[in-house]
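S.K.: The following block contains the structure, expressed as structure tokens.
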Amino acid sequence: MKKGICLFLSLCFLLLAFSGVGLTEDNAAERIPEPTLQPDAPAYNADHPEDLTPDQLYALSAILITEDKGEVIFEKDADEIRYPASTTKILTVLLGILMVDDLEQIVTVSETALMVPEDSSTMKLKADEEIRLIDVLYGTMMLSGNDGANVIAETVSGSVDRFVDLMNETAKAYGCTSTHFVNAHGYHDDNHYTTARDMAIITRQAMQNETFREIARAVTYSIPRTNKQRARTITTRSEYMLTGSEEKPNKYYYEYATGVKTGSHSHSGYCFVGSAEKNQVELISVVLFTGNRARWADTIKLMNYGFSQYISVTPVELYQMNPITIETSNYSTSDSNRGKLQLICQPSDAAASDIRIVATKSEIRRMADNLTDTVLIQYSRDFAAPITVGETIGTMTYFPEKGDPVSYTLSASRSIAQRENVPKTLEQIVRETYADPNPFPPLNFEFAMILFLPFLTLLLLLFLLIRTRKRHRKRNLRVPRPRQRYVK
């Protein structure tokens, strides 16, 4: 009986111990706090994500930015000093990618790399294990391995201390003003801190790197066999990216999720840096000191808010919001639209089809209303009828912030007949002349008049001259001669 009671108490003690410290990434002795919403916080309406307010987030600090330009969309105490926990590893992994030429190289795990607190999360590396660096990068991100973070640090800088100096220098170079690191993995230290804004800045830099993006979006990854361990498959700890199953669906799965990193300990609360993409609008969110499940809920609220504010359109879609209408000349009197012609915009090649413009709804509307301030319009012909449907009238050129200019064709949406008996223009005359296979102009009354007019004029002048001379001669003949007088 006494043995049973002792066993029961022992089990209870173990359960209490594990409920307090055994199930988190980087645990201190205390239970990780779970913030709650303020009692007077307005209820969140998922059908109207655009109405999000700071009080509707559990996180004490949060921020949402665009990935392309870093524009701040939403924030809540984003400049308050917070502890980043394992979100620190975002910069660690990024530096591992940037500072090592060959990510496939084999690295050897040192004894010092395994010197992490006992309650740390690890990827279970072993001393003298020979493993590819790329596998360490994936394991550090997906399993939040503190041992992996140390391996990256030693591979890049030779020691963790020198690597931490590199981290601080890099953060400063990126524009972080309230960040200081003392280790490569984020286990708590009073002097290891950041802000939601700075963490967003770091993550934005990381997401510009394609290798980092691939690691960040990974849900599962296979680590090949090493000299110390058999091959294994690892899975992300981010519920934000896990679909769940029919039997056990995951309500925190976000279909537009693209990464990136979790973090938690008793001083930082639960943290998450997230990213998402929808219709080529890419967003980055940071929530610091929130709850275990609340970090997913907060992130989804932020992302949905961002996608309600920002949209992505192609230059063709932008044009269609305010298409160009021209007024033609010489159009037929029977034309019901009085010569007005709307132009159709189409991509000139495949590259033009892939270009998108990301901005707020109001900015997109302003760009459409002032189209010529956004694009270059050039016309390749005059606006005189006749015009045939589909005929190219000009081009529209868009200049993206990155990459080469892209061109679009502006063509006629309908045919416009020419006005009856309209005089031919000089261009038409020249065009018809060059198109005529007969090298000699056609002989018609007008041409004959032009051709023979000089001769007719000369003949007329000769006729007038001769007639004048005849008249003058006749007048001379009519003059009476004076009579001669004879003197006797």
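Residues in the structure tokens are numbered from 1 in each chain, the chains being A, B, ... in the order shown, and ligands are numbered from 1 in the order shown.
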Set the distance at 10 Å and use only C-alpha atoms: which residues neighbour Lys340 in chain A once local chain neighbours fewer than 4 positions away are removed? I'd like the list as a ChimeraX atom specification.
M.R.: /A:325-329,331,335-336,383,414,416
S.K.: Go ahead and write the residues just picked, all heavy atoms, as a PDB file, in the first residue's frame.
M.R.:
```pdb
ATOM      1  N   THR A 325      -9.177  55.985 -73.836  1.00  0.00           N
ATOM      2  CA  THR A 325     -10.099  56.182 -74.954  1.00  0.00           C
ATOM      3  C   THR A 325      -9.600  57.357 -75.779  1.00  0.00           C
ATOM      4  O   THR A 325      -9.382  58.445 -75.244  1.00  0.00           O
ATOM      5  CB  THR A 325     -11.526  56.455 -74.458  1.00  0.00           C
ATOM      6  OG1 THR A 325     -12.001  55.322 -73.723  1.00  0.00           O
ATOM      7  CG2 THR A 325     -12.461  56.703 -75.632  1.00  0.00           C
ATOM      8  N   ILE A 326      -9.407  57.131 -77.080  1.00  0.00           N
ATOM      9  CA  ILE A 326      -8.925  58.193 -77.966  1.00  0.00           C
ATOM     10  C   ILE A 326     -10.064  58.660 -78.873  1.00  0.00           C
ATOM     11  O   ILE A 326     -11.047  57.939 -79.082  1.00  0.00           O
ATOM     12  CB  ILE A 326      -7.729  57.720 -78.823  1.00  0.00           C
ATOM     13  CG1 ILE A 326      -8.143  56.549 -79.712  1.00  0.00           C
ATOM     14  CG2 ILE A 326      -6.557  57.335 -77.936  1.00  0.00           C
ATOM     15  CD1 ILE A 326      -7.061  56.098 -80.683  1.00  0.00           C
ATOM     16  N   GLU A 327      -9.936  59.858 -79.414  1.00  0.00           N
ATOM     17  CA  GLU A 327     -10.908  60.411 -80.354  1.00  0.00           C
ATOM     18  C   GLU A 327     -10.269  60.433 -81.732  1.00  0.00           C
ATOM     19  O   GLU A 327      -9.271  61.124 -81.954  1.00  0.00           O
ATOM     20  CB  GLU A 327     -11.339  61.802 -79.920  1.00  0.00           C
ATOM     21  CG  GLU A 327     -12.108  61.811 -78.608  1.00  0.00           C
ATOM     22  CD  GLU A 327     -12.716  63.166 -78.297  1.00  0.00           C
ATOM     23  OE1 GLU A 327     -12.596  64.070 -79.155  1.00  0.00           O
ATOM     24  OE2 GLU A 327     -13.299  63.315 -77.214  1.00  0.00           O
ATOM     25  N   THR A 328     -10.851  59.667 -82.629  1.00  0.00           N
ATOM     26  CA  THR A 328     -10.299  59.566 -83.973  1.00  0.00           C
ATOM     27  C   THR A 328     -10.838  60.691 -84.852  1.00  0.00           C
ATOM     28  O   THR A 328     -11.807  61.380 -84.511  1.00  0.00           O
ATOM     29  CB  THR A 328     -10.655  58.213 -84.597  1.00  0.00           C
ATOM     30  OG1 THR A 328     -12.086  58.107 -84.706  1.00  0.00           O
ATOM     31  CG2 THR A 328     -10.122  57.076 -83.742  1.00  0.00           C
ATOM     32  N   SER A 329     -10.221  60.856 -86.010  1.00  0.00           N
ATOM     33  CA  SER A 329     -10.668  61.852 -86.993  1.00  0.00           C
ATOM     34  C   SER A 329     -11.043  61.131 -88.287  1.00  0.00           C
ATOM     35  O   SER A 329     -10.694  59.963 -88.489  1.00  0.00           O
ATOM     36  CB  SER A 329      -9.561  62.870 -87.257  1.00  0.00           C
ATOM     37  OG  SER A 329      -8.401  62.221 -87.762  1.00  0.00           O
ATOM     38  N   TYR A 331     -13.743  59.904 -89.224  1.00  0.00           N
ATOM     39  CA  TYR A 331     -14.590  58.724 -89.047  1.00  0.00           C
ATOM     40  C   TYR A 331     -15.902  58.907 -89.799  1.00  0.00           C
ATOM     41  O   TYR A 331     -16.350  60.029 -90.095  1.00  0.00           O
ATOM     42  CB  TYR A 331     -14.853  58.471 -87.564  1.00  0.00           C
ATOM     43  CG  TYR A 331     -15.472  59.624 -86.819  1.00  0.00           C
ATOM     44  CD1 TYR A 331     -16.850  59.815 -86.786  1.00  0.00           C
ATOM     45  CD2 TYR A 331     -14.664  60.549 -86.154  1.00  0.00           C
ATOM     46  CE1 TYR A 331     -17.413  60.880 -86.108  1.00  0.00           C
ATOM     47  CE2 TYR A 331     -15.225  61.634 -85.481  1.00  0.00           C
ATOM     48  CZ  TYR A 331     -16.588  61.790 -85.461  1.00  0.00           C
ATOM     49  OH  TYR A 331     -17.146  62.852 -84.797  1.00  0.00           O
ATOM     50  N   ASP A 335     -20.893  56.354 -87.711  1.00  0.00           N
ATOM     51  CA  ASP A 335     -20.295  55.750 -86.515  1.00  0.00           C
ATOM     52  C   ASP A 335     -21.080  56.189 -85.276  1.00  0.00           C
ATOM     53  O   ASP A 335     -21.149  57.394 -84.967  1.00  0.00           O
ATOM     54  CB  ASP A 335     -18.825  56.165 -86.387  1.00  0.00           C
ATOM     55  CG  ASP A 335     -18.104  55.398 -85.300  1.00  0.00           C
ATOM     56  OD1 ASP A 335     -17.564  54.321 -85.596  1.00  0.00           O
ATOM     57  OD2 ASP A 335     -18.096  55.872 -84.148  1.00  0.00           O
ATOM     58  N   SER A 336     -21.643  55.214 -84.554  1.00  0.00           N
ATOM     59  CA  SER A 336     -22.505  55.533 -83.416  1.00  0.00           C
ATOM     60  C   SER A 336     -21.736  56.137 -82.245  1.00  0.00           C
ATOM     61  O   SER A 336     -22.314  56.855 -81.427  1.00  0.00           O
ATOM     62  CB  SER A 336     -23.233  54.260 -82.947  1.00  0.00           C
ATOM     63  OG  SER A 336     -22.297  53.248 -82.579  1.00  0.00           O
ATOM     64  N   PHE A 383      -4.497  59.086 -85.343  1.00  0.00           N
ATOM     65  CA  PHE A 383      -5.816  58.598 -84.928  1.00  0.00           C
ATOM     66  C   PHE A 383      -6.854  58.756 -86.041  1.00  0.00           C
ATOM     67  O   PHE A 383      -8.055  58.772 -85.768  1.00  0.00           O
ATOM     68  CB  PHE A 383      -6.288  59.353 -83.683  1.00  0.00           C
ATOM     69  CG  PHE A 383      -5.389  59.184 -82.490  1.00  0.00           C
ATOM     70  CD1 PHE A 383      -5.408  60.116 -81.461  1.00  0.00           C
ATOM     71  CD2 PHE A 383      -4.508  58.116 -82.395  1.00  0.00           C
ATOM     72  CE1 PHE A 383      -4.587  59.970 -80.353  1.00  0.00           C
ATOM     73  CE2 PHE A 383      -3.683  57.964 -81.310  1.00  0.00           C
ATOM     74  CZ  PHE A 383      -3.712  58.893 -80.278  1.00  0.00           C
ATOM     75  N   ARG A 414     -12.191  48.018 -81.725  1.00  0.00           N
ATOM     76  CA  ARG A 414     -13.210  47.891 -82.766  1.00  0.00           C
ATOM     77  C   ARG A 414     -12.700  48.562 -84.038  1.00  0.00           C
ATOM     78  O   ARG A 414     -11.694  49.298 -84.025  1.00  0.00           O
ATOM     79  CB  ARG A 414     -14.528  48.536 -82.333  1.00  0.00           C
ATOM     80  CG  ARG A 414     -14.476  50.052 -82.164  1.00  0.00           C
ATOM     81  CD  ARG A 414     -15.764  50.610 -81.607  1.00  0.00           C
ATOM     82  NE  ARG A 414     -15.731  52.070 -81.534  1.00  0.00           N
ATOM     83  CZ  ARG A 414     -16.199  52.875 -82.484  1.00  0.00           C
ATOM     84  NH1 ARG A 414     -16.733  52.366 -83.586  1.00  0.00           N
ATOM     85  NH2 ARG A 414     -16.144  54.192 -82.333  1.00  0.00           N
ATOM     86  N   ILE A 416     -13.205  51.228 -87.161  1.00  0.00           N
ATOM     87  CA  ILE A 416     -13.843  52.517 -87.437  1.00  0.00           C
ATOM     88  C   ILE A 416     -13.666  52.818 -88.920  1.00  0.00           C
ATOM     89  O   ILE A 416     -12.530  52.892 -89.415  1.00  0.00           O
ATOM     90  CB  ILE A 416     -13.235  53.641 -86.583  1.00  0.00           C
ATOM     91  CG1 ILE A 416     -13.431  53.343 -85.089  1.00  0.00           C
ATOM     92  CG2 ILE A 416     -13.858  54.987 -86.944  1.00  0.00           C
ATOM     93  CD1 ILE A 416     -12.867  54.410 -84.172  1.00  0.00           C
TER      94      ILE A 416
END
```
S.K.: Can you tell me, as a list in words, what residues are no more than 10 Å from Thr211 in chain A when counting only C-alpha atoms, ignoring any on the same chain fewer than 5 positions away?
M.R.: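 After dropping sequence-adjacent residues, the list is Leu94, Ile97, Leu98, Ile134, Ala206 and Ala216 of chain A.
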S.K.: Pick out the closest residue to Ser157 in chain A from this set: A:Tyr252, A:Gly96, A:Thr177, A:Tyr193. Count only C-alpha atoms.
M.R.: A:Gly96
S.K.: Kindly indicate which residue among A:Ile131, A:Ile450, A:Ala59, A:Val389 lies nearest to Arg230 in chain A, using only C-alpha atoms for the distances.
M.R.: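 Closest to Arg230 in chain A, using only C-alpha atoms: A:Ile131.
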S.K.: Quick one: residues within 9 Å of range 276-280 of chain A, only C-alpha atoms, excluding same-chain residues fewer than 6 positions away - as a CSV table (one decimal) with all heavy atoms, in the first residue's frame?
M.R.:
```csv
chain,number,residue,atom,x,y,z
A,254,TYR,N,-2.5,27.8,-41.8
A,254,TYR,CA,-2.8,28.9,-42.6
A,254,TYR,C,-2.4,28.6,-44.0
A,254,TYR,O,-1.2,28.3,-44.3
A,254,TYR,CB,-2.0,30.2,-42.1
A,254,TYR,CG,-2.5,31.5,-42.7
A,254,TYR,CD1,-3.8,31.9,-42.5
A,254,TYR,CD2,-1.7,32.3,-43.4
A,254,TYR,CE1,-4.3,33.1,-43.1
A,254,TYR,CE2,-2.1,33.5,-44.0
A,254,TYR,CZ,-3.4,33.9,-43.8
A,254,TYR,OH,-3.8,35.1,-44.3
A,255,GLU,N,-3.3,28.6,-44.9
A,255,GLU,CA,-3.0,28.1,-46.3
A,255,GLU,C,-2.0,28.9,-47.1
A,255,GLU,O,-1.4,28.5,-48.0
A,255,GLU,CB,-4.3,28.0,-47.1
A,255,GLU,CG,-5.0,29.3,-47.3
A,255,GLU,CD,-6.3,29.2,-48.1
A,255,GLU,OE1,-6.3,28.5,-49.1
A,255,GLU,OE2,-7.3,29.8,-47.7
A,256,TYR,N,-1.8,30.2,-46.7
A,256,TYR,CA,-0.9,31.0,-47.4
A,256,TYR,C,0.5,31.1,-46.7
A,256,TYR,O,1.4,31.9,-47.1
A,256,TYR,CB,-1.5,32.5,-47.5
A,256,TYR,CG,-2.8,32.5,-48.1
A,256,TYR,CD1,-4.0,32.9,-47.3
A,256,TYR,CD2,-3.0,32.1,-49.4
A,256,TYR,CE1,-5.2,32.9,-47.9
A,256,TYR,CE2,-4.3,32.1,-50.0
A,256,TYR,CZ,-5.4,32.5,-49.2
A,256,TYR,OH,-6.6,32.5,-49.8
A,257,ALA,N,0.7,30.3,-45.7
A,257,ALA,CA,1.9,30.3,-44.9
A,257,ALA,C,3.2,30.0,-45.7
A,257,ALA,O,3.1,29.0,-46.5
A,257,ALA,CB,1.8,29.4,-43.7
A,258,THR,N,4.3,30.7,-45.5
A,258,THR,CA,5.5,30.4,-46.1
A,258,THR,C,6.7,30.3,-45.1
A,258,THR,O,7.8,30.2,-45.5
A,258,THR,CB,5.9,31.4,-47.2
A,258,THR,OG1,5.9,32.7,-46.5
A,258,THR,CG2,4.9,31.4,-48.3
A,259,GLY,N,6.4,30.3,-43.8
A,259,GLY,CA,7.5,30.2,-42.8
A,259,GLY,C,7.1,31.1,-41.6
A,259,GLY,O,6.0,31.5,-41.5
A,303,MET,N,-2.0,38.5,-40.7
A,303,MET,CA,-1.9,38.3,-42.1
A,303,MET,C,-3.2,38.6,-42.8
A,303,MET,O,-3.2,39.2,-43.9
A,303,MET,CB,-1.6,36.8,-42.3
A,303,MET,CG,-0.2,36.4,-41.8
A,303,MET,SD,1.1,37.4,-42.6
A,303,MET,CE,2.6,36.7,-41.9
A,307,PHE,N,-3.7,41.3,-45.9
A,307,PHE,CA,-4.2,40.9,-47.2
A,307,PHE,C,-5.5,41.7,-47.5
A,307,PHE,O,-5.9,41.8,-48.6
A,307,PHE,CB,-4.5,39.4,-47.3
A,307,PHE,CG,-3.2,38.6,-47.4
A,307,PHE,CD1,-3.0,37.5,-46.6
A,307,PHE,CD2,-2.2,39.0,-48.2
A,307,PHE,CE1,-1.9,36.8,-46.6
A,307,PHE,CE2,-1.0,38.3,-48.2
A,307,PHE,CZ,-0.8,37.2,-47.4
A,311,ILE,N,-3.2,44.8,-52.1
A,311,ILE,CA,-3.6,43.9,-53.2
A,311,ILE,C,-2.4,43.9,-54.2
A,311,ILE,O,-1.5,44.7,-54.2
A,311,ILE,CB,-4.9,44.4,-53.9
A,311,ILE,CG1,-4.7,45.9,-54.4
A,311,ILE,CG2,-6.0,44.3,-52.9
A,311,ILE,CD1,-5.9,46.3,-55.1
A,312,SER,N,-2.5,43.0,-55.1
A,312,SER,CA,-1.5,42.8,-56.1
A,312,SER,C,-2.2,42.8,-57.5
A,312,SER,O,-3.2,42.0,-57.7
A,312,SER,CB,-0.7,41.5,-55.9
A,312,SER,OG,0.1,41.2,-57.1
A,313,VAL,N,-1.8,43.6,-58.4
A,313,VAL,CA,-2.4,43.7,-59.7
A,313,VAL,C,-1.3,43.7,-60.8
A,313,VAL,O,-0.2,44.1,-60.5
A,313,VAL,CB,-3.3,44.9,-59.9
A,313,VAL,CG1,-4.4,45.0,-58.9
A,313,VAL,CG2,-2.5,46.2,-59.8
A,356,ARG,N,3.9,42.1,-61.4
A,356,ARG,CA,2.8,42.5,-60.6
A,356,ARG,C,3.1,43.7,-59.8
A,356,ARG,O,4.3,43.9,-59.4
A,356,ARG,CB,2.3,41.4,-59.6
A,356,ARG,CG,1.9,40.1,-60.3
A,356,ARG,CD,1.1,39.1,-59.4
A,356,ARG,NE,-0.2,39.6,-59.1
A,356,ARG,CZ,-1.3,39.4,-59.8
A,356,ARG,NH1,-1.2,38.7,-60.9
A,356,ARG,NH2,-2.5,39.8,-59.4
A,357,ILE,N,2.1,44.5,-59.4
A,357,ILE,CA,2.3,45.7,-58.6
A,357,ILE,C,1.6,45.5,-57.3
A,357,ILE,O,0.4,45.2,-57.3
A,357,ILE,CB,1.7,46.9,-59.4
A,357,ILE,CG1,2.3,47.1,-60.8
A,357,ILE,CG2,1.9,48.2,-58.6
A,357,ILE,CD1,1.6,48.1,-61.6
A,358,VAL,N,2.4,45.6,-56.2
A,358,VAL,CA,1.8,45.4,-54.9
A,358,VAL,C,1.7,46.8,-54.2
A,358,VAL,O,2.7,47.5,-54.0
A,358,VAL,CB,2.7,44.5,-54.0
A,358,VAL,CG1,2.2,44.3,-52.6
A,358,VAL,CG2,2.8,43.1,-54.7
```
S.K.: Give me the residues within 10 Å of Glu154 in chain A as a PyMOL selection string, counting only C-alpha atoms and dropping any in the same chain fewer than 3 places off.
M.R.: chain A and resi 96+107+109-110+112-113+148-151+157-163+184
S.K.: Do a neighbour search on Val316 in chain A at 9 Å with only C-alpha atoms, toss out local chain neighbours closer than 6 positions, and write the hits as number ranges by chain.
M.R.: A: 345-347, 353, 408
